[in-house]
Amino acid sequence: MGIASDFVLIVVAGLIGGLLARVLRLPLLVGYVAAGVVIGPYTAGPTVVQIHDIELLAEIGVALLLFSLGLEISFRDLQPVRWIALVGGPIQIVLTAVGGAVAGITFLGLSITDSTWLGAMISLSSTMVVLKTLTAAGVTSTLASRVMIGLLVVQDLAVIPMLIILPQLADLSGALPRVARAAGIAAVVLAAMVGLGRWLLPMLLKLVLKLGSRELFLVAVVAAGVGVGYAAHAAGLSFALGAFVAGIVLSESEFSHRALSDITPLRDIFGLLFFVTVGMLFDPRFVWDHAGQVALVTLLIIIGKALILGLLARAFGYIEMAPWIIGLGLSQIGEFSFVLARSGFGAGVLSQTAYSLALTCTILTMALSPLVSSAAIPLGRLWQRRALYSGS
């Protein structure tokens with residue numbers, strides 16, 4: 001049955017993993033990732049065969065999640081956090097990338113090239129994991145959540161120049177014009193999507209609603225999200241970013257609530273595909289052979305990113321629990337790091353060791369992220385009590 005049997009295996013494994021996670025009071029995505037490890041190519045037992053095709057389907061899950069998030073927020077919601085997103089975002093990316101590169105050279109003994117790629121990958125956080133965590137907790141509209149979403153959008157946009165610059169580390173001549181050209185194209189495409197989408201998408205949905213078919217309305221909503229995503233991909237941007245923009249545009253219309261309620265079940269199924277696919281990349285043998293190194297790097301990534309992001313949030317005037325929530329909430333490595341890793345490895349500029357280490361730490365930080373995020377409020381309160389006690 002090919003991909004059909006793989007799909008059945010993934011859904012059944014995801015269900016079992018999700019049930020076990022719920023019994024153990026763990027986030028569902030942890031169960032999904034664990035299910036992916038079990039049915040992946042590196043473990044015994046039932047194994048998914050058409051891995052590449054499943055990965056393509058998983059990309060739709062990322063797009064649908066971002067599309068649904070866009071439906072819940074609007075440009076007005078992001079206005080209060082524009083400064084930390086547009087100014088603090090690039091600062092965070094540079095600080096994290098430089099810190100990761102220095103750590104790679106100093107502590108891991110990696111080459112300058114490998115360390116630079118590793119630093120770039122570490123600088124990105126997981127839009128998929130963060131949004132799934134925020135949605136499950138029902139806190140997507142809080143100020144700290146909006147800050148995280150703003151920073152994630154900037155990080156996702158930063159992937160474009162990274163994919164241009166990093167493969168050319170051996171010869172940077174000509175890289176600046178290419179980055180400038182890519183940035184110009186991105187700005188034009190995003191402006192066009194927003195401008196056209198404000199009247200075209202609502203008009204399309206209004207016409208479909210007049211036909212009185214709920215099924216056609218759902219099809220139209222999905223077509224809007226993935227259609228704009230594909231247009232963005234064709235223009236050299238992220239497929240998921242385009243879907244996110246489509247969601248934000250539709251959030252300004254009267255159809256946003258109905259579109260969100262209709263698309264949620266479909267989004268959750270494709271989201272399951274994504275997290276199971278992430279688990280399938282996990283190689284237990286590599287972890288066994290490099291257990292100490294993997295544990296150290298994973299711990300350094302979580303602590304290092306939490307400190308940088310938390311202090312950055314504090315520097316931009318966010319106080320109380322917000323720095324803890326933002327820092328720990330974005331302390332994982334993101335799914336776009338997979339894109340960077342595959343690009344570097346495929347181009348022959350990223351070594352096998354660095355590639356395996358990056359993938360392993362990405363998966364571990366993503367799996368641990370819900371648990372790390374849940375510790376933000378308790379740690380913040382403990383810190384406040386200690387500060388109050390010290391002050392008295």
# chains A, B, ... in the order shown; residues from 1 in each chain; ligands from 1
>>> residues_around(residues="Thr113 (chain A)", least_positions_apart="6", cutoff="10 Å", atoms="only C-alpha atoms", output="ChimeraX atom specification")
/A:101,104-105,119,166-167,169-170,344,349-351,354
>>> closest_atom_pairs(of="region 203-295 of chain A", to="region 31-42 of chain A", cutoff="12 Å", atoms="only C-alpha atoms", output="Markdown table")
| residue | atom | partner | partner_atom | distance |
| --- | --- | --- | --- | --- |
| A:Asp268 | CA | A:Tyr32 | CA | 11.7 |
| A:Ile269 | CA | A:Tyr32 | CA | 11.2 |
| A:Phe270 | CA | A:Tyr32 | CA | 11.8 |
| A:Gly271 | CA | A:Tyr32 | CA | 9.6 |
| A:Leu272 | CA | A:Tyr32 | CA | 6.6 |
| A:Leu273 | CA | A:Tyr32 | CA | 8.4 |
| A:Phe274 | CA | A:Tyr32 | CA | 8.8 |
| A:Phe275 | CA | A:Val33 | CA | 5.3 |
| A:Val276 | CA | A:Gly36 | CA | 4.2 |
| A:Thr277 | CA | A:Gly36 | CA | 5.9 |
| A:Val278 | CA | A:Val33 | CA | 6.3 |
| A:Gly279 | CA | A:Gly36 | CA | 4.1 |
| A:Met280 | CA | A:Gly40 | CA | 4.1 |
| A:Leu281 | CA | A:Gly40 | CA | 7.0 |
| A:Phe282 | CA | A:Val37 | CA | 6.1 |
| A:Asp283 | CA | A:Tyr42 | CA | 5.6 |
| A:Pro284 | CA | A:Tyr42 | CA | 7.1 |
| A:Arg285 | CA | A:Tyr42 | CA | 7.9 |
| A:Phe286 | CA | A:Tyr42 | CA | 9.9 |
| A:Val287 | CA | A:Tyr42 | CA | 11.6 |
>>> closest_residue(among="A:Ile51, A:Leu9, A:Leu66, A:Met162", to="Ala243 (chain A)", atoms="only C-alpha atoms")
A:Leu66
>>> atom_distance(atom1="CA of Leu151 (chain A)", atom2="CA of Ala85 (chain A)")
4.8 Å
>>> atom_distance(atom1="CA of Thr353 (chain A)", atom2="CA of Val339 (chain A)")
16.7 Å
>>> atom_distance(atom1="CA of Arg198 (chain A)", atom2="CA of Val245 (chain A)")
10.6 Å
>>> residues_around(residues="Thr365 (chain A)", least_positions_apart="3", cutoff="7 Å", atoms="only C-alpha atoms", output="list in words")
Thr298, Gln332, Ile333, Cys361, Thr362, Leu368 and Ser369 of chain A
>>> write_last_selection(atoms="C-alpha atoms", output="PDB file, in the first residue's frame")
ATOM      1  CA  THR A 298      21.681  19.948  24.959  1.00  0.00           C
ATOM      2  CA  GLN A 332      14.771  24.799  21.979  1.00  0.00           C
ATOM      3  CA  ILE A 333      16.205  24.487  18.455  1.00  0.00           C
ATOM      4  CA  CYS A 361      20.188  18.047  19.947  1.00  0.00           C
ATOM      5  CA  THR A 362      17.379  19.599  17.908  1.00  0.00           C
ATOM      6  CA  LEU A 368      12.040  18.616  26.285  1.00  0.00           C
ATOM      7  CA  SER A 369      10.624  22.040  25.414  1.00  0.00           C
TER       8      SER A 369
END
>>> select_by_dssp(residues="region 98-340 of chain A", states="alpha helix (DSSP H)", output="number ranges by chain")
A: 98-106, 112-122, 127-137, 143-165, 175-210, 214-234, 239-251, 256-280, 284-289, 291-315, 322-329, 336-340
